[in-house]
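Chemist: My structure file final.cif, mmCIF, C-alpha atoms, is below:
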data_query
loop_
_atom_site.label_atom_id
_atom_site.label_comp_id
_atom_site.auth_asym_id
_atom_site.auth_seq_id
_atom_site.Cartn_x
_atom_site.Cartn_y
_atom_site.Cartn_z
CA MET A 1 24.36 -45.31 33.57
CA ASN A 2 26.63 -43.45 31.21
CA THR A 3 28.51 -40.95 33.35
CA ARG A 4 30.50 -39.32 30.56
CA LEU A 5 30.05 -35.62 30.14
CA THR A 6 29.02 -34.43 26.71
CA MET A 7 30.97 -31.83 24.80
CA LEU A 8 29.26 -28.66 23.72
CA ALA A 9 29.90 -27.27 20.25
CA LEU A 10 31.44 -23.82 20.60
CA THR A 11 30.47 -22.50 17.18
CA THR A 12 28.04 -23.20 14.39
CA SER A 13 30.17 -21.66 11.67
CA LEU A 14 30.75 -23.75 8.56
CA ALA A 15 34.11 -25.18 7.58
CA VAL A 16 35.20 -23.91 4.17
CA SER A 17 38.29 -24.42 2.08
CA GLY A 18 41.45 -23.15 3.76
CA GLN A 19 39.71 -22.44 7.07
CA VAL A 20 38.98 -24.22 10.33
CA MET A 21 36.02 -24.79 12.62
CA ALA A 22 36.72 -25.40 16.28
CA PHE A 23 34.14 -27.72 17.82
CA GLU A 24 35.67 -28.20 21.27
CA SER A 25 38.13 -26.25 23.39
CA PHE A 26 36.72 -27.51 26.73
CA GLU A 27 35.61 -23.99 27.73
CA SER A 28 32.13 -25.21 28.72
CA TYR A 29 33.52 -27.58 31.37
CA GLN A 30 34.27 -26.78 35.00
CA ALA A 31 37.95 -27.09 35.92
CA GLY A 32 38.53 -30.52 37.40
CA ALA A 33 35.63 -32.16 35.54
CA VAL A 34 36.27 -35.69 34.29
CA VAL A 35 35.35 -36.03 30.61
CA ASP A 36 35.17 -39.86 30.55
CA ASN A 37 34.45 -41.53 33.89
CA ALA A 38 34.17 -44.95 32.25
CA THR A 39 37.79 -45.12 31.11
CA GLY A 40 40.74 -46.28 33.15
CA ILE A 41 42.78 -43.37 31.81
CA THR A 42 43.17 -40.44 34.20
CA ASN A 43 41.62 -37.39 32.56
CA MET A 44 40.30 -34.04 33.74
CA VAL A 45 39.69 -30.51 32.49
CA SER A 46 42.62 -28.32 33.50
CA VAL A 47 43.58 -24.65 33.56
CA ASP A 48 47.30 -25.47 33.84
CA GLN A 49 48.05 -25.49 30.10
CA CYS A 50 46.07 -24.68 26.96
CA THR A 51 46.40 -23.41 23.42
CA ASP A 52 43.08 -21.59 23.09
CA GLY A 53 40.72 -20.13 25.68
CA GLU A 54 41.68 -20.99 29.25
CA LYS A 55 41.07 -24.76 29.61
CA SER A 56 42.24 -28.05 28.11
CA LEU A 57 41.86 -31.79 28.68
CA LYS A 58 44.72 -33.13 30.81
CA VAL A 59 45.39 -36.83 30.17
CA ASN A 60 47.88 -39.14 31.85
CA TYR A 61 48.78 -42.07 29.60
CA ASP A 62 50.83 -44.93 31.08
CA ALA A 63 51.60 -48.61 30.73
CA SER A 64 48.85 -49.65 33.16
CA ASN A 65 46.02 -48.36 30.94
CA GLN A 66 47.19 -49.49 27.51
CA TRP A 67 44.46 -49.99 24.90
CA ASN A 68 41.88 -48.28 27.09
CA GLN A 69 39.45 -45.94 25.41
CA LEU A 70 38.98 -42.29 26.32
CA LYS A 71 35.74 -41.19 24.68
CA VAL A 72 34.82 -37.55 24.20
CA GLU A 73 31.15 -37.46 23.27
CA LEU A 74 29.85 -34.54 21.22
CA ALA A 75 26.59 -32.87 22.14
CA SER A 76 25.59 -33.14 18.47
CA PRO A 77 27.34 -34.82 15.52
CA VAL A 78 30.00 -32.88 13.63
CA ASP A 79 29.93 -32.89 9.83
CA ALA A 80 33.46 -33.59 8.60
CA SER A 81 32.41 -34.75 5.13
CA SER A 82 33.62 -31.54 3.45
CA SER A 83 36.89 -31.34 5.39
CA THR A 84 40.19 -33.07 4.81
CA HIS A 85 41.38 -33.27 8.42
CA ILE A 86 40.34 -33.30 12.04
CA ALA A 87 43.03 -31.48 13.98
CA PHE A 88 43.86 -30.82 17.61
CA ASP A 89 46.59 -29.24 19.70
CA ALA A 90 48.60 -31.18 22.25
CA ILE A 91 51.09 -30.02 24.86
CA ASN A 92 53.58 -32.64 26.00
CA ASP A 93 56.25 -31.45 28.42
CA SER A 94 56.69 -34.86 30.06
CA GLY A 95 59.60 -35.96 27.87
CA VAL A 96 57.73 -39.21 27.14
CA THR A 97 56.05 -40.00 23.82
CA ALA A 98 52.34 -40.78 24.12
CA GLN A 99 51.14 -43.32 21.56
CA LEU A 100 47.46 -42.79 20.76
CA LEU A 101 44.96 -44.90 18.87
CA ILE A 102 42.39 -42.31 17.89
CA LYS A 103 38.97 -43.47 16.73
CA LEU A 104 36.40 -41.32 14.96
CA ILE A 105 32.98 -42.82 15.69
CA ASP A 106 29.80 -41.92 13.85
CA SER A 107 26.21 -41.89 15.10
CA ASN A 108 25.79 -45.58 14.15
CA ASN A 109 28.92 -46.62 16.07
CA ASN A 110 31.00 -47.18 12.92
CA ASP A 111 34.57 -46.11 13.48
CA ALA A 112 37.80 -45.28 11.70
CA TRP A 113 41.21 -45.67 13.32
CA HIS A 114 44.25 -43.48 13.19
CA TRP A 115 47.60 -43.84 14.99
CA ILE A 116 49.29 -40.69 16.28
CA SER A 117 52.43 -40.22 18.38
CA ILE A 118 52.40 -37.14 20.62
CA ASP A 119 56.16 -36.84 20.41
CA GLN A 120 56.95 -33.15 19.99
CA SER A 121 58.13 -31.21 23.00
CA GLY A 122 55.82 -28.44 24.11
CA ALA A 123 52.74 -27.39 22.17
CA ALA A 124 52.16 -28.71 18.65
CA ALA A 125 49.31 -29.23 16.22
CA TYR A 126 48.38 -32.75 15.08
CA ALA A 127 46.00 -33.73 12.27
CA ILE A 128 44.04 -36.83 11.28
CA ASP A 129 43.94 -37.17 7.49
CA LEU A 130 40.39 -38.23 6.70
CA SER A 131 41.47 -39.63 3.33
CA TYR A 132 43.63 -42.23 5.07
CA VAL A 133 42.74 -44.12 8.23
CA ASP A 134 44.06 -47.34 9.73
CA GLY A 135 42.00 -50.34 10.74
CA ASN A 136 39.77 -52.81 8.97
CA ASN A 137 36.34 -51.54 9.98
CA ASN A 138 36.30 -48.06 8.49
CA GLY A 139 34.38 -48.67 5.29
CA ASN A 140 30.96 -47.82 6.70
CA ILE A 141 31.80 -44.70 8.70
CA ASN A 142 29.77 -41.63 7.82
CA PHE A 143 32.02 -38.57 8.19
CA ALA A 144 28.93 -36.34 8.10
CA TYR A 145 27.93 -37.58 11.56
CA ILE A 146 31.02 -37.81 13.78
CA ALA A 147 29.59 -38.25 17.28
CA VAL A 148 32.59 -39.37 19.38
CA ILE A 149 36.33 -38.72 19.37
CA ASP A 150 38.14 -41.56 21.15
CA LEU A 151 41.62 -40.49 22.28
CA GLY A 152 42.63 -43.95 23.49
CA ASN A 153 45.98 -45.18 24.72
CA ALA A 154 48.13 -47.35 22.46
CA ALA A 155 51.17 -48.71 24.26
CA SER A 156 52.25 -45.47 25.91
CA PRO A 157 54.97 -45.88 28.56
CA ASP A 158 54.68 -44.56 32.10
CA GLY A 159 54.85 -40.84 32.68
CA ALA A 160 53.19 -39.48 29.52
CA GLU A 161 51.17 -36.41 30.47
CA VAL A 162 49.39 -34.63 27.62
CA PHE A 163 47.13 -31.58 27.47
CA ILE A 164 44.69 -31.78 24.53
CA ASP A 165 42.90 -28.68 23.26
CA ASN A 166 41.19 -27.00 20.32
CA LEU A 167 39.64 -29.97 18.48
CA ARG A 168 38.65 -28.69 15.05
CA LEU A 169 37.93 -29.40 11.42
CA SER A 170 40.58 -28.23 8.99
CA ASN A 171 41.27 -28.10 5.27
CA ALA A 172 44.77 -26.70 5.65
CA THR A 173 47.94 -27.54 7.55
CA PRO A 174 46.94 -26.78 11.14
CA THR A 175 48.91 -24.37 13.29
CA VAL A 176 48.97 -24.53 17.06
CA GLY A 177 46.96 -22.03 19.07
CA ALA A 178 48.61 -19.03 20.69
CA GLY A 179 48.21 -20.29 24.24
CA CYS A 180 46.03 -19.55 27.24
CA ASN A 181 44.42 -16.15 26.78
CA GLY A 182 42.10 -15.93 29.76
CA SER A 183 38.99 -15.54 27.61
CA GLU A 184 36.65 -17.47 25.38
CA PRO A 185 38.36 -18.72 22.18
CA GLU A 186 38.34 -16.25 19.32
CA PRO A 187 37.36 -17.39 15.81
CA PRO A 188 40.67 -18.52 14.29
CA VAL A 189 42.48 -16.61 11.56
CA ASP A 190 43.65 -18.86 8.75
CA SER A 191 45.69 -18.03 5.61
CA ASP A 192 44.76 -14.63 4.17
CA ASN A 193 41.15 -14.76 5.30
CA LEU A 194 39.75 -13.05 8.38
CA ARG A 195 37.64 -15.71 10.10
CA VAL A 196 34.22 -14.71 11.35
CA GLU A 197 31.19 -16.65 12.52
CA GLY A 198 29.52 -18.28 9.55
CA GLY A 199 32.16 -17.40 6.95
CA SER A 200 35.10 -15.15 6.12
CA LEU A 201 35.88 -11.70 4.87
CA GLY A 202 37.80 -11.45 1.61
CA GLY A 203 40.13 -8.63 0.60
CA PHE A 204 37.33 -6.04 0.32
CA GLY A 205 35.94 -6.94 3.72
CA ALA A 206 39.39 -6.81 5.29
CA LEU A 207 39.94 -3.36 3.73
CA MET A 208 36.65 -2.11 5.20
CA MET A 209 37.67 -3.47 8.60
CA ALA A 210 41.01 -1.67 8.40
CA GLY A 211 39.23 1.58 7.47
CA LEU A 212 36.88 1.31 10.43
CA LEU A 213 39.80 0.74 12.79
CA TRP A 214 41.58 3.82 11.34
CA LEU A 215 38.50 5.98 11.85
CA ARG A 216 38.19 4.77 15.44
CA ARG A 217 41.76 5.78 16.15
CA ARG A 218 41.15 9.25 14.64
CA ARG A 219 38.33 9.96 17.07
#
Represent the structure contained in this file as structure tokens.
Modeler:
Amino acid sequence: MNTRLTMLALTTSLAVSGQVMAFESFESYQAGAVVDNATGITNMVSVDQCTDGEKSLKVNYDASNQWNQLKVELASPVDASSSTHIAFDAINDSGVTAQLLIKLIDSNNNDAWHWISIDQSGAAAYAIDLSYVDGNNNGNINFAYIAVIDLGNAASPDGAEVFIDNLRLSNATPTVGAGCNGSEPEPPVDSDNLRVEGGSLGGFGALMMAGLLWLRRRR
């Protein structure tokens, strides 16, 4: 029996140029829930650290679980075919670099590999460039149907503790979230566009929003 919990998509908004679409910030999980029971890697949803909302995935990578998979299954496939990157935030205060072999797996179990070192102290944003992936078996992957994100261990030493949050599609250089805010994640603001569900407001829309806020203050 597959005991892994499935991830729930947090938004149905479309990814467009210069903007992002968050598809998992672990807000739908109970604190303490194990995301992948089948892996040998210790993992659980935590409220200790986060970059968006109030929860993240706490993972302990060490030498005893090298090359193990840590699969995060999506409730429905994510379409990354029009995006350039899949990004996520990671918090690493352990002082130890975590070496990850990340696999993007489509609905037909085709995968693409990407190596990432979680080596920055504190919170930082990391991105997988979809135009370049490692591995020999990536030719058949369908980026329109990404069903699983595998955050596996790749030769991490003992003591690497990482909090992973805010998995998202991105067409721009990702910036790390603001931190735990005690509420559901807000639609992200990116570049000069005000992000809203299903699209963005351009300059005229932003001007209207500013006018409404001014009128509210006058009352």
Chemist: Point out the residue among A:Ala98, A:Leu167, A:Ile91, A:Ala125 with the least atom-to-atom distance to A:Glu27, counting all atoms listed in the file.
Modeler: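 The closest residue to A:Glu27 is A:Leu167.
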Chemist: Could you spell out the hits of the PyMOL selection byres ((chain A and resi 99) around 7) on the shown file, as a PDB file with C-alpha atoms, in the coordinates of the input?
Modeler:
ATOM      1  CA  THR A  97      56.050 -40.000  23.820  1.00  0.00           C
ATOM      2  CA  ALA A  98      52.340 -40.780  24.120  1.00  0.00           C
ATOM      3  CA  LEU A 100      47.460 -42.790  20.760  1.00  0.00           C
ATOM      4  CA  LEU A 101      44.960 -44.900  18.870  1.00  0.00           C
ATOM      5  CA  ILE A 116      49.290 -40.690  16.280  1.00  0.00           C
ATOM      6  CA  SER A 117      52.430 -40.220  18.380  1.00  0.00           C
ATOM      7  CA  ILE A 118      52.400 -37.140  20.620  1.00  0.00           C
ATOM      8  CA  ASN A 153      45.980 -45.180  24.720  1.00  0.00           C
ATOM      9  CA  ALA A 154      48.130 -47.350  22.460  1.00  0.00           C
ATOM     10  CA  ALA A 155      51.170 -48.710  24.260  1.00  0.00           C
ATOM     11  CA  SER A 156      52.250 -45.470  25.910  1.00  0.00           C
TER      12      SER A 156
END
Chemist: With distances taken over all atoms listed in the file, which of A:Ala80, A:Cys180, A:Val35, A:Val148 is nearest to A:Val59?
Modeler: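 Of A:Ala80, A:Cys180, A:Val35, A:Val148, the one nearest A:Val59 is A:Val35, counting all atoms listed in the file.
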Chemist: Using the chain letters and numbers from the file, give me the residues hit by the PyMOL selection byres ((chain A and resi 28-34) around 7), as a PyMOL selection string.
Modeler: chain A and resi 8+26-27+35-37+43-47
Chemist: Which residues are close to A:Val72, i.e. within 12 Å by only C-alpha atoms, leaving aside same-chain residues fewer than 2 positions away? Reply as JSON, numbers by chain.
Modeler: {"A": [3, 4, 5, 6, 7, 8, 23, 24, 25, 26, 34, 35, 36, 37, 38, 39, 43, 44, 45, 57, 69, 70, 74, 75, 76, 77, 102, 103, 104, 105, 146, 147, 148, 149, 150, 151, 152, 164, 167]}
Chemist: Name the residues captured by the PyMOL selection byres ((chain A and resi 141) around 9) when it is applied to the shown file; answer as an mmCIF file with C-alpha atoms, in the coordinates of the input.
Modeler:
data_model
loop_
_atom_site.group_PDB
_atom_site.id
_atom_site.type_symbol
_atom_site.label_atom_id
_atom_site.label_comp_id
_atom_site.auth_asym_id
_atom_site.auth_seq_id
_atom_site.Cartn_x
_atom_site.Cartn_y
_atom_site.Cartn_z
ATOM 1 C CA LEU A 104 36.400 -41.320 14.960
ATOM 2 C CA ILE A 105 32.980 -42.820 15.690
ATOM 3 C CA ASP A 106 29.800 -41.920 13.850
ATOM 4 C CA SER A 107 26.210 -41.890 15.100
ATOM 5 C CA ASN A 108 25.790 -45.580 14.150
ATOM 6 C CA ASN A 109 28.920 -46.620 16.070
ATOM 7 C CA ASN A 110 31.000 -47.180 12.920
ATOM 8 C CA ASP A 111 34.570 -46.110 13.480
ATOM 9 C CA ALA A 112 37.800 -45.280 11.700
ATOM 10 C CA ASN A 137 36.340 -51.540 9.980
ATOM 11 C CA ASN A 138 36.300 -48.060 8.490
ATOM 12 C CA GLY A 139 34.380 -48.670 5.290
ATOM 13 C CA ASN A 140 30.960 -47.820 6.700
ATOM 14 C CA ASN A 142 29.770 -41.630 7.820
ATOM 15 C CA PHE A 143 32.020 -38.570 8.190
ATOM 16 C CA ALA A 144 28.930 -36.340 8.100
ATOM 17 C CA TYR A 145 27.930 -37.580 11.560
ATOM 18 C CA ILE A 146 31.020 -37.810 13.780
#
Chemist: Any idea what the distance is between atom CA of A:Ala63 and atom CA of A:Ala127?
Modeler: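 Taking atom CA of A:Ala63 as the start and atom CA of A:Ala127 as the end point, the length is 24.4 Å.
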Chemist: When you draw a straight line from atom CA of A:Asn68 to atom CA of A:Val96, how long is it in Å?
Modeler: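 These atoms are spaced 18.3 Å apart.
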Chemist: Point out the residue among A:Tyr132, A:Phe88, A:Phe163, A:Trp113 with the least atom-to-atom distance to A:Val176, counting all atoms listed in the file.
Modeler: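 The shortest atom-to-atom distance to A:Val176 comes from A:Phe88.
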Chemist: Any idea what the distance is between atom CA of A:Ile41 and atom CA of A:Ser131?
Modeler: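 Going from atom CA of A:Ile41 over to atom CA of A:Ser131 covers 28.8 Å.
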Chemist: Smallest atom-to-atom distance to A:Lys58: which of A:Glu161, A:Glu73, A:Asp129, A:Asp79, using all atoms listed in the file?
Modeler: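 Counting all atoms listed in the file, the residue closest to A:Lys58 is A:Glu161.
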Chemist: Tell me which protein, DNA and RNA residues are within 12 Å of A:Gly95, counting all atoms listed in the file, leaving out same-chain ones fewer than 6 positions away, and put them as a PyMOL selection string.
Modeler: chain A and resi 118-122+157-162
Chemist: Mind working out the centre and edge lengths of an axis-aligned box for stretch 62-79 of chain A, all listed atoms inside, 4 Å added to each side, rounded to one decimal in Å and written as lines of an AutoDock Vina configuration file?
Modeler:
center_x = 38.6
center_y = -41.4
center_z = 21.5
size_x = 34.0
size_y = 25.1
size_z = 31.3
Chemist: Looking at A:Tyr126, A:His85, A:Gly53, A:Asp93, which one is nearest to A:Asn171, with distances taken over only C-alpha atoms?
Modeler: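 Among A:Tyr126, A:His85, A:Gly53, A:Asp93, it is A:His85 that comes nearest to A:Asn171.
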Chemist: Using only C-alpha atoms, which protein or nucleic acid residues come within 7 Å of A:Ile128? Drop anything in the same chain fewer than 5 positions from it, and give the result as a PDB file with C-alpha atoms, in the coordinates of the input.
Modeler:
ATOM      1  CA  HIS A  85      41.380 -33.270   8.420  1.00  0.00           C
ATOM      2  CA  ILE A  86      40.340 -33.300  12.040  1.00  0.00           C
ATOM      3  CA  ALA A  87      43.030 -31.480  13.980  1.00  0.00           C
ATOM      4  CA  HIS A 114      44.250 -43.480  13.190  1.00  0.00           C
TER       5      HIS A 114
END
